[in-house]
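Peer 1: Structure incoming, see below.
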Amino acid sequence: MNAAIQKFVFAHDRYLALDEVRTECGSAVERERMHIEIMRAYLEVQYRARMIAGLQYADGMDFAEVQ
């Protein structure tokens with residue numbers, strides 16, 4: 001498996017794991033920290049997806065244009 005795809009899968013799995021435990025937060029501070037971590041994970045997933053789309057575009061597969 002391509003390294004870019006492996007990084008995407010890892011980031012996506014991390015995002016899903018954080019999303020599952022977000023309801024277990026007890027205090028407002030915990031919820032805020034969890035929200036920040038979820039947003040970081042979401043942004044990383046988006047970044048990794050754009051990297052994959054860019055690699056596909058560079059390989060001549062122009063159906064995967066990044067806008």
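Scheme for the structure tokens: letters A, B, ... for chains in order shown; per-chain residue numbers from 1; ligand numbers from 1 in order shown.
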Compile the contact shell of stretch 36-53 of chain A as a ChimeraX atom specification: residues with an atom at most 6 Å away, counting only C-alpha atoms, same-chain residues fewer than 5 positions apart removed.
Peer 2: /A:8,11-12,15,64
Peer 1: How far is it from atom CA of A:Gly54 to atom CA of A:Phe10, in Å with one decimal?
Peer 2: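 Straight-line distance from atom CA of A:Gly54 to atom CA of A:Phe10 works out to 18.5 Å.
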Peer 1: How many Å separate atom CA of A:Arg31 from atom CA of A:Ala17?
Peer 2: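 It comes out at 14.9 Å.
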